[in-house]
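Shown below: coords.txt, with compact mmCIF, C-alpha atoms.
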```
# COMPACT_ATOMS: atom_id res chain seq x y z
CA MET A 1 4.73 -18.76 9.39
CA GLU A 2 2.60 -19.15 12.52
CA PRO A 3 3.04 -15.54 13.83
CA ARG A 4 2.25 -14.16 10.37
CA THR A 5 -0.86 -16.36 10.23
CA LYS A 6 -2.00 -15.05 13.61
CA LEU A 7 -1.33 -11.47 12.49
CA SER A 8 -3.35 -12.00 9.30
CA GLY A 9 -6.18 -13.45 11.33
CA LEU A 10 -6.21 -10.45 13.67
CA GLY A 11 -6.13 -8.10 10.70
CA LEU A 12 -9.10 -9.85 9.13
CA LEU A 13 -11.01 -9.69 12.42
CA ALA A 14 -10.25 -5.96 12.72
CA CYS A 15 -11.53 -5.36 9.18
CA VAL A 16 -14.74 -7.23 9.95
CA VAL A 17 -15.28 -5.19 13.12
CA LEU A 18 -14.62 -1.89 11.32
CA LEU A 19 -16.93 -2.78 8.45
CA SER A 20 -19.63 -3.81 10.94
CA MET A 21 -19.29 -0.52 12.80
CA PHE A 22 -19.48 1.42 9.54
CA TYR A 23 -22.64 -0.44 8.54
CA LEU A 24 -24.24 0.06 11.94
CA SER A 25 -23.38 3.73 12.06
CA SER A 26 -24.90 4.23 8.63
CA SER A 27 -28.17 2.76 9.95
CA TYR A 28 -28.15 5.10 12.95
CA THR A 29 -29.01 8.10 10.84
CA GLN A 30 -32.26 9.11 12.51
CA VAL A 31 -30.43 10.21 15.63
CA VAL A 32 -27.06 11.52 14.49
CA ARG A 33 -27.80 13.28 11.20
CA ASN A 34 -30.55 14.40 8.91
CA ILE A 35 -31.05 12.36 5.76
CA PRO A 36 -33.59 12.59 2.96
CA SER A 37 -36.63 10.46 3.64
CA GLU A 38 -37.52 7.58 1.35
CA TYR A 39 -40.49 9.44 -0.05
CA VAL A 40 -38.33 12.18 -1.60
CA GLN A 41 -35.63 9.95 -3.05
CA GLU A 42 -37.86 8.47 -5.71
CA GLU A 43 -38.97 10.27 -8.86
CA GLN A 44 -41.99 12.42 -8.09
CA LEU A 45 -44.97 11.80 -10.37
CA PRO A 46 -48.52 13.11 -10.14
CA ILE A 47 -50.80 10.86 -8.13
CA VAL A 48 -53.39 9.25 -10.38
CA ASN A 49 -56.38 8.78 -8.14
CA GLN A 50 -60.05 9.38 -7.50
CA SER A 51 -59.55 12.25 -5.06
CA ASP A 52 -61.76 14.56 -7.16
CA LEU A 53 -64.60 12.14 -6.50
CA ILE A 54 -63.70 12.07 -2.82
CA LEU A 55 -63.85 15.86 -2.70
CA LYS A 56 -67.45 15.85 -3.92
CA GLN A 57 -68.66 13.51 -1.23
CA THR A 58 -70.17 14.75 2.01
CA PHE A 59 -69.81 13.25 5.44
CA PRO A 60 -72.84 13.06 7.73
CA GLU A 61 -72.44 14.74 11.09
CA PRO A 62 -72.17 12.37 14.05
CA GLU A 63 -74.71 12.46 16.86
CA GLU A 64 -75.46 15.77 18.54
CA ASN A 65 -73.62 15.01 21.79
CA PHE A 66 -70.45 14.30 19.84
CA MET A 67 -70.63 17.59 17.95
CA ASN A 68 -71.55 19.59 21.06
CA LYS A 69 -68.48 18.32 22.90
CA ILE A 70 -66.30 19.38 19.99
CA ARG A 71 -67.93 22.80 19.67
CA ASP A 72 -67.43 23.43 23.40
CA GLN A 73 -63.66 23.16 22.83
CA LEU A 74 -63.42 25.58 19.91
CA SER A 75 -60.97 28.47 20.18
CA GLN A 76 -61.12 31.75 18.28
CA ASP A 77 -61.64 31.67 14.50
CA ASN A 78 -63.32 28.24 14.77
CA ILE A 79 -59.97 26.58 15.60
CA LEU A 80 -60.04 23.13 17.17
CA VAL A 81 -56.87 21.86 18.88
CA ILE A 82 -56.75 18.07 18.66
CA ALA A 83 -54.60 15.01 19.16
CA THR A 84 -55.28 11.35 18.40
CA ALA A 85 -53.95 8.43 20.43
CA ASN A 86 -54.65 4.93 21.65
CA TYR A 87 -54.39 3.45 25.15
CA GLY A 88 -50.79 2.41 24.62
CA MET A 89 -49.87 6.09 24.23
CA ARG A 90 -51.65 7.27 27.38
CA ASP A 91 -48.46 8.44 29.15
CA TYR A 92 -47.68 10.67 26.18
CA VAL A 93 -51.26 11.96 26.23
CA TYR A 94 -51.05 13.05 29.85
CA ASN A 95 -47.71 14.75 29.33
CA TRP A 96 -49.20 16.61 26.36
CA ILE A 97 -52.24 17.64 28.39
CA ILE A 98 -50.12 18.88 31.28
CA SER A 99 -48.03 20.98 28.92
CA LEU A 100 -51.22 22.56 27.56
CA GLU A 101 -52.51 23.28 31.06
CA LYS A 102 -49.25 24.80 32.25
CA THR A 103 -49.12 27.14 29.25
CA GLY A 104 -52.74 28.29 29.57
CA HIS A 105 -54.29 26.33 26.69
CA GLU A 106 -57.62 25.16 28.03
CA LYS A 107 -59.49 24.09 24.90
CA TYR A 108 -58.53 20.85 23.15
CA VAL A 109 -59.90 17.42 22.24
CA VAL A 110 -58.15 14.05 22.42
CA PHE A 111 -59.68 11.72 19.83
CA CYS A 112 -59.40 8.25 21.33
CA ILE A 113 -58.72 5.38 18.97
CA ASP A 114 -59.99 2.82 21.49
CA ASP A 115 -62.41 2.69 24.41
CA ASP A 116 -59.64 2.02 26.94
CA LEU A 117 -58.05 5.44 26.46
CA TYR A 118 -61.43 7.18 26.50
CA ASN A 119 -62.38 5.48 29.78
CA HIS A 120 -58.98 6.29 31.27
CA LEU A 121 -59.30 9.97 30.42
CA GLU A 122 -62.84 10.07 31.82
CA ALA A 123 -61.68 8.45 35.07
CA SER A 124 -58.88 11.00 35.29
CA GLY A 125 -61.24 13.96 35.04
CA TYR A 126 -60.70 14.75 31.36
CA GLY A 127 -64.02 13.50 30.01
CA ASN A 128 -64.90 16.91 28.55
CA HIS A 129 -61.70 16.80 26.48
CA ALA A 130 -62.01 13.18 25.31
CA SER A 131 -63.96 11.89 22.33
CA LYS A 132 -64.29 8.46 20.81
CA ILE A 133 -63.62 8.23 17.10
CA PRO A 134 -66.77 6.96 15.35
CA TYR A 135 -66.25 3.45 14.04
CA GLU A 136 -67.23 4.40 10.49
CA TRP A 137 -64.33 6.87 10.27
CA PHE A 138 -61.73 4.09 10.34
CA HIS A 139 -60.36 2.38 7.25
CA LYS A 140 -58.40 -0.26 9.21
CA PRO A 141 -58.68 -1.85 12.66
CA ILE A 142 -56.15 -0.50 15.20
CA GLU A 143 -54.76 -2.15 18.30
CA ALA A 144 -54.83 -0.47 21.71
CA THR A 145 -51.18 -1.28 22.47
CA PHE A 146 -48.20 1.02 21.95
CA SER A 147 -46.66 0.81 18.47
CA ASP A 148 -42.99 1.45 17.72
CA TYR A 149 -42.00 3.65 14.81
CA TYR A 150 -42.29 1.78 11.48
CA SER A 151 -43.92 -1.23 13.12
CA PRO A 152 -46.81 -2.76 11.12
CA THR A 153 -49.40 -1.20 13.45
CA TYR A 154 -47.73 2.24 13.47
CA ALA A 155 -48.95 3.10 9.97
CA ALA A 156 -52.54 2.29 10.96
CA ILE A 157 -52.34 4.67 13.93
CA THR A 158 -50.97 7.49 11.80
CA HIS A 159 -53.66 6.74 9.22
CA ALA A 160 -56.30 7.44 11.87
CA LYS A 161 -54.86 10.94 12.36
CA THR A 162 -55.50 11.82 8.72
CA LEU A 163 -59.02 10.39 8.76
CA VAL A 164 -59.99 12.41 11.83
CA VAL A 165 -58.64 15.66 10.42
CA GLN A 166 -60.41 15.04 7.11
CA ARG A 167 -63.80 14.66 8.79
CA LEU A 168 -63.28 17.77 10.90
CA LEU A 169 -62.39 19.84 7.83
CA TYR A 170 -65.65 18.80 6.18
CA PHE A 171 -67.49 19.94 9.31
CA GLY A 172 -66.00 23.40 8.74
CA PHE A 173 -63.40 23.51 11.55
CA THR A 174 -59.89 24.89 11.26
CA VAL A 175 -57.90 21.98 12.69
CA PHE A 176 -54.84 22.51 14.86
CA PHE A 177 -53.27 19.05 15.03
CA SER A 178 -50.55 18.12 17.52
CA ASP A 179 -48.83 14.80 18.10
CA VAL A 180 -48.80 13.76 21.76
CA ASP A 181 -44.99 13.46 21.79
CA ILE A 182 -44.92 17.26 21.67
CA VAL A 183 -44.60 19.52 24.69
CA TRP A 184 -46.05 23.02 24.47
CA LEU A 185 -43.61 25.40 26.16
CA GLN A 186 -45.12 28.87 25.73
CA PRO A 187 -48.54 30.50 26.16
CA HIS A 188 -50.54 31.88 23.23
CA VAL A 189 -49.45 29.22 20.72
CA VAL A 190 -52.96 29.09 19.26
CA ASP A 191 -53.19 32.90 19.19
CA PHE A 192 -49.84 33.18 17.42
CA LEU A 193 -50.63 30.67 14.70
CA ALA A 194 -54.16 31.99 14.24
CA GLY A 195 -52.55 35.36 13.57
CA ARG A 196 -50.09 33.82 11.14
CA LEU A 197 -52.99 32.34 9.18
CA SER A 198 -55.03 35.53 9.21
CA VAL A 199 -52.36 37.86 7.77
CA ARG A 200 -52.29 35.97 4.45
CA GLN A 201 -55.53 34.60 3.09
CA GLU A 202 -53.63 32.41 0.60
CA SER A 203 -52.13 30.45 3.52
CA HIS A 204 -54.23 27.34 4.07
CA VAL A 205 -51.87 25.34 6.26
CA LEU A 206 -48.86 26.01 8.50
CA PHE A 207 -46.61 22.95 8.89
CA GLN A 208 -43.75 22.20 11.23
CA GLN A 209 -40.59 21.44 9.27
CA GLU A 210 -38.90 18.05 9.15
CA GLY A 211 -35.12 18.26 9.24
CA TYR A 212 -33.34 21.40 8.05
CA ASP A 213 -33.64 21.53 4.27
CA GLN A 214 -37.16 23.05 4.07
CA THR A 215 -38.30 20.38 1.62
CA ASN A 216 -40.20 18.07 3.99
CA ILE A 217 -43.04 18.78 6.37
CA ASN A 218 -43.68 17.13 9.71
CA SER A 219 -47.25 15.89 9.81
CA GLY A 220 -47.30 15.85 13.61
CA PHE A 221 -47.85 19.59 14.11
CA TYR A 222 -49.87 21.84 11.82
CA ILE A 223 -52.87 24.13 11.61
CA MET A 224 -55.11 23.64 8.56
CA ARG A 225 -58.06 25.57 7.17
CA PRO A 226 -61.11 23.77 5.71
CA GLU A 227 -60.25 24.81 2.15
CA TYR A 228 -60.57 22.86 -1.11
CA SER A 229 -56.78 22.56 -1.45
CA MET A 230 -56.49 20.98 1.99
CA LYS A 231 -59.34 18.53 1.37
CA LYS A 232 -57.55 17.47 -1.80
CA LEU A 233 -54.25 17.13 0.09
CA LEU A 234 -55.87 14.84 2.65
CA ALA A 235 -57.74 12.86 -0.01
CA ASP A 236 -54.43 12.17 -1.80
CA THR A 237 -52.73 11.37 1.51
CA ILE A 238 -55.45 8.91 2.50
CA GLU A 239 -55.34 7.21 -0.89
CA LEU A 240 -51.60 6.66 -0.53
CA GLN A 241 -51.97 5.44 3.06
CA ASP A 242 -54.65 2.98 2.02
CA THR A 243 -52.00 1.15 -0.03
CA GLY A 244 -50.20 0.28 3.21
CA GLU A 245 -46.87 1.43 1.78
CA TYR A 246 -46.65 4.80 3.55
CA THR A 247 -46.80 6.32 7.00
CA GLN A 248 -48.91 9.43 7.29
CA GLN A 249 -45.88 11.67 6.98
CA GLY A 250 -44.53 9.86 3.96
CA ALA A 251 -47.89 9.96 2.21
CA MET A 252 -48.52 13.61 3.01
CA ASN A 253 -45.11 14.71 1.75
CA LYS A 254 -45.71 12.85 -1.49
CA ALA A 255 -49.22 14.28 -1.82
CA LEU A 256 -47.84 17.82 -1.48
CA TYR A 257 -46.40 17.47 -4.98
CA ASN A 258 -49.96 17.78 -6.27
CA LEU A 259 -50.19 21.32 -4.85
CA ASP A 260 -48.69 24.63 -5.90
CA MET A 261 -45.43 24.79 -3.91
CA ASP A 262 -44.17 28.12 -5.23
CA MET A 263 -43.33 30.13 -2.10
CA ARG A 264 -45.04 33.22 -3.57
CA THR A 265 -48.41 31.59 -4.21
CA SER A 266 -48.48 28.28 -2.32
CA PRO A 267 -51.15 27.58 0.30
CA VAL A 268 -48.45 25.69 2.24
CA VAL A 269 -46.29 27.62 4.72
CA LEU A 270 -43.45 26.22 6.84
CA LEU A 271 -43.18 27.26 10.46
CA ASP A 272 -39.96 28.76 11.77
CA LEU A 273 -37.53 26.01 12.80
CA PHE A 274 -36.30 28.05 15.76
CA LEU A 275 -39.77 28.58 17.22
CA PHE A 276 -41.24 25.18 16.30
CA PRO A 277 -38.24 22.82 16.23
CA ASN A 278 -38.39 19.15 15.38
CA GLY A 279 -36.54 16.65 17.54
CA PHE A 280 -33.46 16.64 15.32
CA ALA A 281 -33.06 20.38 15.85
CA TYR A 282 -34.07 20.56 19.51
CA PHE A 283 -32.58 17.44 21.06
CA GLN A 284 -29.69 16.62 18.74
CA ASN A 285 -28.39 20.06 17.76
CA ASP A 286 -29.64 22.47 20.44
CA VAL A 287 -30.70 24.77 17.62
CA PRO A 288 -33.03 27.27 19.27
CA GLN A 289 -31.34 27.29 22.67
CA ARG A 290 -27.77 27.94 21.53
CA TRP A 291 -28.89 31.25 19.99
CA GLY A 292 -30.93 32.24 23.03
CA VAL A 293 -34.31 31.59 21.38
CA GLN A 294 -37.16 30.21 23.47
CA PRO A 295 -39.23 27.86 21.28
CA TYR A 296 -42.99 27.51 21.48
CA ILE A 297 -42.86 23.69 21.46
CA ALA A 298 -40.46 20.75 21.61
CA HIS A 299 -41.15 17.70 19.45
CA ALA A 300 -39.55 14.43 20.53
CA ASN A 301 -39.34 12.84 17.11
CA TYR A 302 -36.00 11.58 15.67
CA LEU A 303 -35.42 9.79 18.98
CA VAL A 304 -35.37 6.36 17.39
CA ILE A 305 -32.47 4.18 18.51
CA ASN A 306 -30.72 1.36 16.69
CA TYR A 307 -30.19 -0.98 19.63
CA LEU A 308 -27.43 -3.05 17.98
CA PHE A 309 -25.40 0.04 17.21
CA PHE A 310 -26.10 1.38 20.69
CA TRP A 311 -24.69 -1.73 22.35
CA VAL A 312 -21.69 -2.25 20.05
CA VAL A 313 -20.40 1.25 19.45
CA THR A 314 -21.53 3.70 22.11
CA PRO A 315 -19.67 4.07 25.42
CA VAL A 316 -20.87 2.74 28.75
CA PRO A 317 -22.39 6.05 29.98
CA GLN A 318 -24.85 6.07 27.09
CA LEU A 319 -25.78 2.48 27.82
CA LEU A 320 -26.61 3.53 31.35
CA LEU A 321 -28.80 6.35 29.98
CA LEU A 322 -30.67 3.83 27.85
CA VAL A 323 -31.30 1.65 30.88
CA ILE A 324 -32.35 4.60 33.04
CA PHE A 325 -34.49 6.56 30.59
CA GLY A 326 -35.69 3.98 28.08
CA THR A 327 -36.74 4.85 24.56
CA ASN A 328 -40.02 6.64 25.08
CA CYS A 329 -38.31 9.72 26.50
CA LEU A 330 -41.06 10.31 29.04
CA PHE A 331 -38.43 11.49 31.48
CA LEU A 332 -37.55 14.27 29.05
CA PHE A 333 -41.20 15.24 28.82
CA ARG A 334 -41.59 15.35 32.57
CA LEU A 335 -38.56 17.55 32.92
CA LEU A 336 -39.89 19.92 30.26
CA THR A 337 -43.34 20.14 31.78
CA LYS A 338 -42.03 20.00 35.38
CA SER A 339 -44.70 17.48 36.24
CA VAL A 340 -45.04 14.10 37.88
CA MET A 341 -47.65 11.57 36.78
CA ARG A 342 -48.75 8.31 38.27
CA CYS A 343 -51.25 6.41 36.13
CA ASP A 344 -51.87 2.72 36.67
CA ASN A 345 -54.77 0.93 35.03
CA MET A 346 -57.93 2.87 35.85
CA ASP A 347 -56.56 4.63 38.94
CA CYS A 348 -54.83 7.77 37.76
CA GLY A 349 -53.55 10.31 40.24
CA MET A 350 -51.74 13.31 38.83
CA SER A 351 -49.74 16.03 40.47
CA THR A 352 -47.93 18.95 38.89
CA ARG A 353 -45.30 20.76 40.88
CA PRO A 354 -41.96 22.55 40.38
CA TRP A 355 -38.95 20.26 40.56
```

For the file at hand, write its structure as structure tokens.
Amino acid sequence: MEPRTKLSGLGLLACVVLLSMFYLSSSYTQVVRNIPSEYVQEEQLPIVNQSDLILKQTFPEPEENFMNKIRDQLSQDNILVIATANYGMRDYVYNWIISLEKTGHEKYVVFCIDDDLYNHLEASGYGNHASKIPYEWFHKPIEATFSDYYSPTYAAITHAKTLVVQRLLYFGFTVFFSDVDIVWLQPHVVDFLAGRLSVRQESHVLFQQEGYDQTNINSGFYIMRPEYSMKKLLADTIELQDTGEYTQQGAMNKALYNLDMDMRTSPVVLLDLFLFPNGFAYFQNDVPQRWGVQPYIAHANYLVINYLFFWVVTPVPQLLLLVIFGTNCLFLFRLLTKSVMRCDNMDCGMSTRPW
């Protein structure tokens, strides 16, 4: 009976290991496959809110120096290219800036969530492109440290993005928003999307897609006109984010259900996945490159790693990659932009050169 007992024990252990691997692999979905987000799985109901009241309010303009700095960075058609970030994201910010410079995009503003990032950009020679976010624009306090995806402080950082865009729309700007984990790869990105907006007056916003199914937008890359429909979209998004239950992207996707989404009449337009790929398309599936298409940008989202699965299931070479590259994928950015950066505390020296 002893050998059979040992065999049964080994069989039980094998079952436990297999079940554990199955569970871990199912939690690794953000890297290996596209799944519906939590905000589209639930029944969609109209948002009952006070956004109509919000739409009627006006926002006072900040001080003249603040507005002059912004106006100096306007592109054609009153388009303002912006990003928002805190000090913990400064490496991403510099990679984003370098990609803009190397593709000939000279006008942009980084809205700094904290003084540390603003001072760092000023010390690095980017003072004309840096702006502090007025204190009264915030709904919640935000830390200056880096925040991981879905961490408690991450939602507050994404909330700040919406609040900044809302104010700029009320000032009459067409806002071109870009996350700082995006690398711009081609010239004339602003020209191209300005043209896309101009050929159809009913188009009020052009969004990057999330995933493949053309049902979700990515709130990290879009160009938005200062129209009533967009002010309502942001008012609904902010109301949802104020509950603390949603990231910016989750709230914005839910708020889109309050708009006309008929492709023939909708103010919302999705950008081509091949030209403006998300991270799932670009990094995981080689979507534009395998068909010989050169994208305008590369977005390093979807690169969220389940560490337990990574250590238990993946082979040794991938473990070495994790150790070498880390999770912030800055090495990927530096390869894409062909740049080298050295920024420590307030001393920031930067060089860009071919590899």

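The gap separating CA of Tyr228 in chain A from CA of Trp137 in chain A is 20.0 Å, in Å to one decimal.
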
Do you know which residues are at most 10 Å from Ser266 in chain A counting all atoms listed in the file, after dropping those on the same chain fewer than 2 positions away, and could you put them as a list in words?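 The contact residues come out as Glu202, Ser203, His204, Val205, Leu259, Asp260, Met261, Asp262, Met263, Arg264, Val268 and Val269 of chain A.
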
Give the centre and edge lengths of an axis-aligned box, in Å to one decimal, that holds all listed atoms of range 267-280 of chain A with 4 Å on each side, as AutoDock Vina command-line options.
```
--center_x -42.3 --center_y 22.7 --center_z 8.9 --size_x 25.7 --size_y 20.1 --size_z 25.2
```

To one decimal place in Å, what is the distance between CA of Pro277 in chain A and CA of Ala298 in chain A?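 Spanning CA of Pro277 in chain A to CA of Ala298 in chain A is a straight-line distance of 6.2 Å.
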
To one decimal in Å, tell me the separation between CA of Ser75 in chain A and CA of Ile98 in chain A.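 Calculated distance between CA of Ser75 in chain A and CA of Ile98 in chain A is 18.2 Å.
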
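Nearest residue to Phe173 in chain A among A:Pro226, A:Gly292, A:Gly195, A:Gly88 is A:Pro226, counting all atoms listed in the file.
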
Mind checking which residues fall within 8 Å of Tyr118 in chain A, counting all atoms listed in the file, ignoring those fewer than 4 positions away in the same chain, and posting them as an NGL selection string? :A and (112 or 114 or 122 or 127 or 130-132)

Store the residues of this selection in a file with C-alpha atoms, as a compact mmCIF listing (two decimals), keeping the file's coordinate frame.
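Listed below is the output, selection.txt:
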```txt
# COMPACT_ATOMS: atom_id res chain seq x y z
CA CYS A 112 -59.40 8.25 21.33
CA ASP A 114 -59.99 2.82 21.49
CA GLU A 122 -62.84 10.07 31.82
CA GLY A 127 -64.02 13.50 30.01
CA ALA A 130 -62.01 13.18 25.31
CA SER A 131 -63.96 11.89 22.33
CA LYS A 132 -64.29 8.46 20.81
```

Taking all atoms listed in the file into account, which of A:Ala85, A:Ala300, A:Ile79, A:Leu185 comes nearest Gly172 in chain A?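 Under the stated criterion, the closest residue is A:Ile79.
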
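For the residues A:Glu245, A:Lys107, A:Leu121, A:Tyr222, ranking by smallest atom-to-atom distance to Met89 in chain A using all atoms listed in the file places A:Leu121 first.
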